[in-house]
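This is my_file-v7.txt (compact mmCIF, C-alpha atoms).
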# COMPACT_ATOMS: atom_id res chain seq x y z
CA MET A 17 92.85 96.95 62.27
CA ARG A 18 90.56 94.11 63.31
CA VAL A 19 90.91 93.72 67.07
CA LEU A 20 89.62 90.83 69.17
CA VAL A 21 89.00 91.88 72.77
CA ALA A 22 88.81 88.92 75.15
CA GLY A 23 87.06 90.14 78.28
CA ALA A 24 85.16 92.84 76.39
CA THR A 25 82.37 92.96 79.00
CA GLY A 26 84.72 93.61 81.93
CA VAL A 27 85.63 96.87 83.64
CA ILE A 28 88.37 97.78 81.15
CA GLY A 29 86.70 96.17 78.15
CA ARG A 30 83.60 98.32 78.46
CA GLN A 31 85.81 101.42 78.28
CA LEU A 32 88.05 100.01 75.56
CA VAL A 33 85.56 98.86 72.93
CA PRO A 34 84.00 102.30 72.23
CA LEU A 35 87.48 103.87 72.10
CA LEU A 36 88.72 101.34 69.58
CA VAL A 37 85.66 101.87 67.40
CA SER A 38 85.98 105.65 67.63
CA VAL A 39 89.55 105.61 66.27
CA GLY A 40 88.61 103.38 63.33
CA HIS A 41 89.32 99.82 64.47
CA GLU A 42 86.97 96.95 63.70
CA VAL A 43 86.22 95.31 67.04
CA VAL A 44 85.20 91.76 67.85
CA GLY A 45 84.30 91.13 71.48
CA LEU A 46 84.86 87.65 72.92
CA ALA A 47 82.34 86.70 75.60
CA ARG A 48 81.38 83.52 77.42
CA SER A 49 77.66 84.29 77.37
CA PRO A 50 75.18 86.88 76.04
CA ARG A 51 75.10 88.68 79.41
CA ARG A 52 76.02 92.38 79.28
CA ILE A 53 76.86 92.41 75.57
CA GLU A 54 74.26 94.93 74.39
CA PRO A 55 76.53 97.94 75.11
CA LEU A 56 79.22 96.31 72.95
CA ARG A 57 76.86 96.03 70.01
CA GLU A 58 75.61 99.56 70.57
CA ALA A 59 79.24 100.72 70.45
CA GLY A 60 79.66 99.07 67.05
CA ALA A 61 81.39 95.79 67.97
CA THR A 62 80.49 92.31 66.84
CA VAL A 63 80.47 89.52 69.41
CA VAL A 64 81.63 85.90 69.35
CA TYR A 65 81.10 83.38 72.13
CA ALA A 66 83.62 80.98 73.63
CA ASP A 67 85.11 80.05 76.99
CA ALA A 68 88.87 80.60 76.89
CA LEU A 69 89.30 77.33 78.81
CA ASP A 70 87.48 75.41 76.05
CA ARG A 71 90.40 75.21 73.67
CA ALA A 72 88.55 73.77 70.69
CA ALA A 73 85.73 76.31 70.88
CA LEU A 74 88.14 79.20 71.31
CA LEU A 75 90.30 78.17 68.36
CA ARG A 76 87.19 77.84 66.22
CA GLU A 77 85.75 81.27 67.11
CA VAL A 78 89.05 83.11 66.78
CA ASP A 79 89.56 81.45 63.40
CA LYS A 80 86.15 82.81 62.35
CA ALA A 81 86.99 86.30 63.66
CA ARG A 82 90.42 86.45 61.93
CA PRO A 83 91.77 89.33 64.06
CA ASP A 84 94.91 91.32 63.30
CA ALA A 85 95.41 91.95 67.03
CA VAL A 86 94.30 90.28 70.24
CA VAL A 87 93.76 92.00 73.61
CA HIS A 88 93.55 89.66 76.62
CA LEU A 89 91.60 91.11 79.57
CA LEU A 90 90.11 87.86 80.89
CA THR A 91 89.62 87.57 84.65
CA ALA A 92 86.97 86.12 86.94
CA ILE A 93 87.66 88.00 90.16
CA PRO A 94 84.71 88.06 92.60
CA ASP A 95 83.06 91.43 93.15
CA GLU A 96 83.81 91.10 96.85
CA MET A 97 86.96 89.27 97.92
CA ASN A 98 87.52 87.67 101.32
CA PRO A 99 91.30 87.91 101.84
CA ARG A 100 91.22 84.66 103.81
CA ARG A 101 89.82 82.89 100.75
CA LEU A 102 92.11 84.45 98.18
CA MET A 103 93.24 81.13 96.67
CA ARG A 104 89.65 80.01 96.18
CA GLY A 105 88.51 83.38 94.87
CA PHE A 106 91.35 83.57 92.32
CA ALA A 107 91.33 79.93 91.20
CA LEU A 108 89.44 80.58 87.96
CA THR A 109 91.36 83.77 87.20
CA ASN A 110 94.62 81.85 87.69
CA ARG A 111 93.46 79.32 85.09
CA LEU A 112 92.47 82.10 82.69
CA ARG A 113 95.95 83.60 83.11
CA THR A 114 97.66 80.28 82.38
CA GLU A 115 95.52 77.84 80.35
CA GLY A 116 93.35 80.63 78.94
CA THR A 117 96.37 82.69 77.88
CA ARG A 118 97.98 79.68 76.23
CA ASN A 119 94.80 78.89 74.31
CA LEU A 120 94.22 82.49 73.27
CA LEU A 121 97.79 83.09 72.11
CA ASP A 122 97.80 79.83 70.17
CA ALA A 123 94.56 80.90 68.51
CA ALA A 124 96.10 84.30 67.69
CA ALA A 125 99.16 82.64 66.18
CA ASN A 126 97.00 80.31 64.09
CA VAL A 127 95.33 83.26 62.33
CA GLY A 128 98.51 85.31 62.02
CA ALA A 129 97.55 88.07 64.45
CA ARG A 130 100.49 90.45 64.51
CA ARG A 131 99.85 92.20 67.83
CA VAL A 132 99.11 90.82 71.30
CA VAL A 133 98.43 92.89 74.44
CA THR A 134 97.69 91.24 77.80
CA GLN A 135 96.69 92.48 81.26
CA GLY A 136 99.09 92.14 84.18
CA VAL A 137 99.24 93.88 87.55
CA ALA A 138 101.56 96.56 88.91
CA PHE A 139 101.09 95.83 92.62
CA ALA A 140 103.00 92.54 92.77
CA TYR A 141 106.50 94.01 93.02
CA ASP A 142 108.77 92.85 95.81
CA PRO A 143 108.18 95.18 98.78
CA ALA A 144 111.93 95.44 99.43
CA GLY A 145 113.27 98.52 97.72
CA ASN A 146 112.91 102.25 97.77
CA GLY A 147 110.33 104.31 95.94
CA PRO A 148 108.02 103.29 93.11
CA ALA A 149 109.18 100.19 91.24
CA ASN A 150 110.03 100.26 87.56
CA GLU A 151 109.65 97.29 85.23
CA ASP A 152 113.20 96.03 85.84
CA GLU A 153 112.54 95.33 89.50
CA PRO A 154 111.58 91.80 90.59
CA LEU A 155 108.12 90.64 91.45
CA TRP A 156 107.48 89.53 95.03
CA ARG A 157 110.21 87.03 95.95
CA ASN A 158 108.58 85.59 99.08
CA PRO A 159 104.89 86.46 98.86
CA PRO A 160 102.28 85.52 101.45
CA ARG A 161 101.27 81.89 100.94
CA ALA A 162 97.78 82.73 99.68
CA PHE A 163 99.18 85.12 97.05
CA ALA A 164 101.78 82.69 95.68
CA PRO A 165 99.43 80.93 93.19
CA VAL A 166 98.22 84.31 91.93
CA LEU A 167 101.80 85.42 91.40
CA ASP A 168 102.74 82.16 89.69
CA ALA A 169 99.84 82.63 87.26
CA LEU A 170 100.89 86.22 86.54
CA ARG A 171 104.45 85.11 85.85
CA GLU A 172 103.17 82.46 83.45
CA LEU A 173 100.97 85.00 81.65
CA GLU A 174 103.97 87.28 81.23
CA ARG A 175 106.19 84.42 80.03
CA LEU A 176 103.64 83.30 77.45
CA THR A 177 103.08 86.87 76.26
CA GLY A 178 106.81 87.42 75.93
CA ASP A 179 107.27 84.20 73.96
CA ALA A 180 104.52 85.41 71.60
CA GLY A 181 106.28 88.74 71.08
CA GLY A 182 103.50 90.61 72.87
CA LEU A 183 103.20 93.35 75.46
CA VAL A 184 102.00 93.03 79.06
CA LEU A 185 100.44 96.15 80.52
CA ARG A 186 100.73 96.02 84.30
CA PHE A 187 97.76 97.96 85.63
CA GLY A 188 97.54 99.30 89.15
CA HIS A 189 94.57 99.13 91.51
CA LEU A 190 91.71 99.46 89.05
CA TYR A 191 88.90 101.93 89.64
CA GLY A 192 86.13 103.48 87.61
CA PRO A 193 82.65 102.36 86.48
CA GLY A 194 81.93 98.73 87.29
CA SER A 195 84.92 98.35 89.61
CA THR A 196 85.00 97.77 93.36
CA PHE A 197 85.70 101.52 93.68
CA ALA A 198 82.56 102.53 91.77
CA PRO A 199 79.83 104.22 93.86
CA ASP A 200 78.06 100.88 94.27
CA GLY A 201 81.26 98.81 94.44
CA SER A 202 82.21 96.57 97.33
CA MET A 203 85.27 98.60 98.36
CA ILE A 204 83.27 101.82 98.60
CA GLN A 205 80.59 100.03 100.62
CA GLN A 206 83.21 98.76 103.05
CA VAL A 207 84.59 102.27 103.49
CA ARG A 208 81.08 103.66 104.04
CA GLN A 209 80.45 101.01 106.70
CA GLY A 210 83.78 101.62 108.44
CA LYS A 211 84.98 98.10 107.58
CA MET A 212 88.19 99.13 105.77
CA PRO A 213 90.84 99.75 108.45
CA LEU A 214 94.30 101.23 108.45
CA VAL A 215 96.69 98.44 109.42
CA GLY A 216 99.84 99.29 111.30
CA ALA A 217 101.30 102.59 110.12
CA GLY A 218 99.29 102.53 106.86
CA ASP A 219 102.47 102.18 104.80
CA SER A 220 101.10 100.08 101.92
CA VAL A 221 101.63 102.16 98.78
CA PHE A 222 98.95 101.99 96.08
CA SER A 223 99.35 102.96 92.45
CA PHE A 224 95.90 103.41 90.92
CA THR A 225 94.72 103.09 87.32
CA HIS A 226 91.37 104.39 86.14
CA ALA A 227 89.67 102.01 83.70
CA HIS A 228 89.55 104.74 81.04
CA ASP A 229 93.30 105.28 81.37
CA ALA A 230 93.87 101.54 81.07
CA ALA A 231 91.84 101.60 77.86
CA THR A 232 93.71 104.54 76.33
CA ALA A 233 97.01 102.77 77.06
CA ILE A 234 95.79 99.69 75.19
CA VAL A 235 94.75 101.82 72.21
CA ALA A 236 98.21 103.41 72.20
CA ALA A 237 99.91 100.00 72.50
CA LEU A 238 98.11 98.62 69.46
CA ASP A 239 99.67 101.34 67.30
CA ARG A 240 103.25 100.72 68.44
CA ASP A 241 105.66 97.81 68.18
CA VAL A 242 106.47 97.75 71.89
CA ARG A 243 107.12 94.45 73.65
CA GLY A 244 107.86 93.28 77.17
CA VAL A 245 106.11 94.82 80.19
CA LEU A 246 105.01 98.35 81.05
CA ASN A 247 103.49 99.85 84.20
CA VAL A 248 100.26 101.67 83.37
CA VAL A 249 99.44 103.62 86.53
CA ASP A 250 98.80 107.21 87.55
CA ASP A 251 101.50 109.68 88.60
CA ASP A 252 100.68 109.58 92.29
CA PRO A 253 101.65 106.40 94.21
CA THR A 254 100.29 107.02 97.70
CA PRO A 255 100.31 105.20 101.06
CA ILE A 256 96.96 103.86 102.18
CA GLY A 257 97.35 105.96 105.31
CA THR A 258 96.85 109.00 103.06
CA TRP A 259 94.38 107.91 100.37
CA LEU A 260 91.95 105.90 102.50
CA PRO A 261 91.05 108.73 104.93
CA GLU A 262 90.77 111.10 101.96
CA LEU A 263 88.45 108.69 100.17
CA ALA A 264 86.33 108.37 103.31
CA ARG A 265 86.10 112.16 103.50
CA MET A 266 84.99 112.43 99.87
CA ILE A 267 82.06 110.04 100.35
CA GLY A 268 81.07 111.24 103.83
CA ALA A 269 82.15 108.01 105.53
CA PRO A 270 83.62 107.72 109.04
CA ARG A 271 87.37 108.05 109.34
CA PRO A 272 88.98 104.60 109.07
CA LYS A 273 90.02 102.96 112.30
CA SER A 274 93.63 102.02 112.99
CA VAL A 275 94.25 98.36 113.76
CA PRO A 276 97.52 96.70 114.89
CA LYS A 277 98.91 94.09 112.48
CA ALA A 278 98.49 91.29 114.98
CA ILE A 279 94.78 91.99 115.35
CA ALA A 280 94.30 92.45 111.60
CA ARG A 281 95.96 89.09 110.95
CA LEU A 282 93.29 87.32 112.98
CA ALA A 283 90.55 88.78 110.77
CA ALA A 284 92.23 89.07 107.37
CA GLY A 285 95.06 86.53 107.41
CA GLY A 286 98.59 87.01 106.14
CA TRP A 287 97.59 88.23 102.68
CA GLY A 288 95.11 90.74 104.06
CA VAL A 289 97.78 92.24 106.31
CA ALA A 290 100.35 92.32 103.51
CA TYR A 291 97.88 93.98 101.15
CA LEU A 292 97.13 96.73 103.66
CA SER A 293 100.66 97.25 104.96
CA GLU A 294 103.38 96.11 102.52
CA LEU A 295 102.55 96.90 98.89
CA ARG A 296 104.92 98.98 96.80
CA GLY A 297 103.88 101.55 94.25
CA ALA A 298 104.89 101.55 90.58
CA ASP A 299 106.54 104.03 88.22
CA ASN A 300 104.88 104.86 84.88
CA ALA A 301 107.74 106.73 83.17
CA ARG A 302 108.47 103.96 80.69
CA ALA A 303 104.85 103.69 79.52
CA ARG A 304 104.68 107.45 79.10
CA LEU A 305 107.79 107.38 76.93
CA ARG A 306 107.28 104.23 74.86
CA LEU A 307 103.54 104.57 74.30
CA ASP A 308 103.40 108.38 74.24
CA TRP A 309 100.61 107.90 76.78
CA ARG A 310 99.35 110.17 79.54
CA PRO A 311 96.69 109.32 82.12
CA ARG A 312 93.60 111.48 82.07
CA TYR A 313 93.63 111.28 85.87
CA LEU A 314 97.15 112.14 86.99
CA SER A 315 96.15 111.28 90.55
CA TRP A 316 93.59 109.06 92.21
CA ARG A 317 92.37 112.26 93.89
CA ASP A 318 91.11 113.59 90.57
CA GLY A 319 89.61 110.28 89.46
CA PHE A 320 87.86 109.50 92.75
CA ALA A 321 86.43 113.02 92.89
CA ALA A 322 85.08 112.74 89.34
CA ASP A 323 83.62 109.26 89.82
CA LEU A 324 82.30 109.55 93.36
CA THR A 325 81.31 113.19 93.79
CA GLY A 326 80.91 114.48 90.23
CA THR A 327 83.52 117.16 90.86
CA VAL A 328 87.17 117.59 90.01
CA GLU A 329 89.73 118.04 92.78
CA THR A 330 93.12 119.25 91.67
CA SER A 331 95.97 116.95 92.61
CA GLY A 332 98.61 119.62 92.68
If you took the structure in this file and wrote it as structure tokens, what would it be?
Amino acid sequence: MRVLVAGATGVIGRQLVPLLVSVGHEVVGLARSPRRIEPLREAGATVVYADALDRAALLREVDKARPDAVVHLLTAIPDEMNPRRLMRGFALTNRLRTEGTRNLLDAAANVGARRVVTQGVAFAYDPAGNGPANEDEPLWRNPPRAFAPVLDALRELERLTGDAGGLVLRFGHLYGPGSTFAPDGSMIQQVRQGKMPLVGAGDSVFSFTHAHDAATAIVAALDRDVRGVLNVVDDDPTPIGTWLPELARMIGAPRPKSVPKAIARLAAGGWGVAYLSELRGADNARARLRLDWRPRYLSWRDGFAADLTGTVETSG
């Protein structure tokens, strides 16, 4: 199968391209510029250049590539995000998830691509409810004001993908090489510097996804006629009050400080407080069943240990 990967130089794309090549797919990477493309060529992919927001250029390049399948991983999220400037930091990503998705799916339809897979998120479920959320549960009904445009863009991406007969893979908090949780990533640096606090009771539940596990789920999805949305996360949704101190221990950082919500709101705003105190985890049972997929890292404990310390800690 000839697969066009939009966002091939991103965190997931860099894991995905070699996997696709290794299982026999012909891969075309879509990039905006020549930066960071050499690993794609070394992995055996060809590269075409277009900005997904330049409709004419995108239609032209996809027409040249003639893919059988299109994978949409386009984002432009800053390496370090100030929660008080979330709307500004996500403005371009929101456009890529709306205008960019529309352009890319139209281009895919024009060349008769028969499979479309797009990237959603699994941490936008409504916090009301018990236990990890499955795909039938609603997204955040009344999100913090700063998160509302992000959520609107995600909903539009999912609507457009559904109309195209595609599949949205909702990934959890992404970690792995090149991510904010990489050894040189901004999140790890904040933990090392004691700048990542526990807010309130530390109840925000995180479902993590290693970039390699995201990539293997995409490979599985390309081989199956599955549509709709699926949560692609590990088996271990965990409150931040548990995983953050454990992460700090792994990297030899000071134990995170506890901060009341009212104080945290002054520094991080409403979205920052919600992110650190209200998120709900996600359930991956449906992806396991429909994609016959299993994460390499069943728990963030195993993945963090492998990435950050070079060891494997058992999660059981």
Taking (88.1, 104.4, 87.9) in the coordinates of the supplied file, I want to know which residues reach to within 8 Å of it, counting all atoms listed in the file; could you give the answer as a PyMOL selection string? chain A and resi 190-193+195+197-198+225-228+319-320+323
Neighbouring residues of Leu69 of chain A were defined as those with any atom within 10 Å, considering only C-alpha atoms; residues of the same chain fewer than 4 positions away were excluded. Please report them as an mmCIF file with C-alpha atoms, in the coordinates of the input.
data_model
loop_
_atom_site.group_PDB
_atom_site.id
_atom_site.type_symbol
_atom_site.label_atom_id
_atom_site.label_comp_id
_atom_site.auth_asym_id
_atom_site.auth_seq_id
_atom_site.Cartn_x
_atom_site.Cartn_y
_atom_site.Cartn_z
ATOM 1 C CA ALA A 73 85.730 76.310 70.880
ATOM 2 C CA LEU A 74 88.140 79.200 71.310
ATOM 3 C CA LEU A 108 89.440 80.580 87.960
ATOM 4 C CA ARG A 111 93.460 79.320 85.090
ATOM 5 C CA LEU A 112 92.470 82.100 82.690
ATOM 6 C CA THR A 114 97.660 80.280 82.380
ATOM 7 C CA GLU A 115 95.520 77.840 80.350
ATOM 8 C CA GLY A 116 93.350 80.630 78.940
ATOM 9 C CA THR A 117 96.370 82.690 77.880
ATOM 10 C CA ARG A 118 97.980 79.680 76.230
ATOM 11 C CA ASN A 119 94.800 78.890 74.310
ATOM 12 C CA LEU A 120 94.220 82.490 73.270
#
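Excluding Val21 of chain A and any residue on its chain fewer than 5 positions from it, the residues at most 6 Å away by all atoms listed in the file are Gly45, Leu46 and Val87 of chain A.
The nearest approach to Leu295 of chain A among the residues A:Leu314, A:Leu185, A:Val64, A:Ile256, with only C-alpha atoms taken into account, belongs to A:Ile256.
Picture a line from atom CA of Ala180 of chain A to atom CA of Ser38 of chain A; it runs 27.7 Å.
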One-decimal distance in Å that lies between atom CA of Val248 of chain A and atom CA of Ala233 of chain A: 7.2 Å
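In terms of minimum interatomic distance to Asp122 of chain A, A:Ala72 ranks closest within A:Val215, A:Thr109, A:Ala72, A:Asp168, counting only C-alpha atoms.
With atom CA of Leu238 of chain A on one side and atom CA of Ala66 of chain A on the other, the separation reads 23.2 Å.
Counting all atoms listed in the file and comparing A:Asn158, A:Ser293, A:Asn150, A:Gln209, the residue that lies closest to Gly268 of chain A is A:Gln209.
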Test item: residues at most 12 Å from Tyr141 of chain A, all atoms listed in the file, excluding those fewer than 2 positions along its chain, as a count of residues only: 37
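With distances restricted to all atoms listed in the file, A:Ile234 is the closest residue to Arg131 of chain A from A:Ile234, A:Val289, A:Val207, A:Ile28.
Nearest residue to Gly326 of chain A among A:Val33, A:Ser274, A:Pro199, A:Trp309 is A:Pro199, counting all atoms listed in the file.
In this comparison, which uses only C-alpha atoms, the residue of A:Ala140, A:Ala164, A:Leu307, A:Val242 approaching Leu102 of chain A most closely is A:Ala164.
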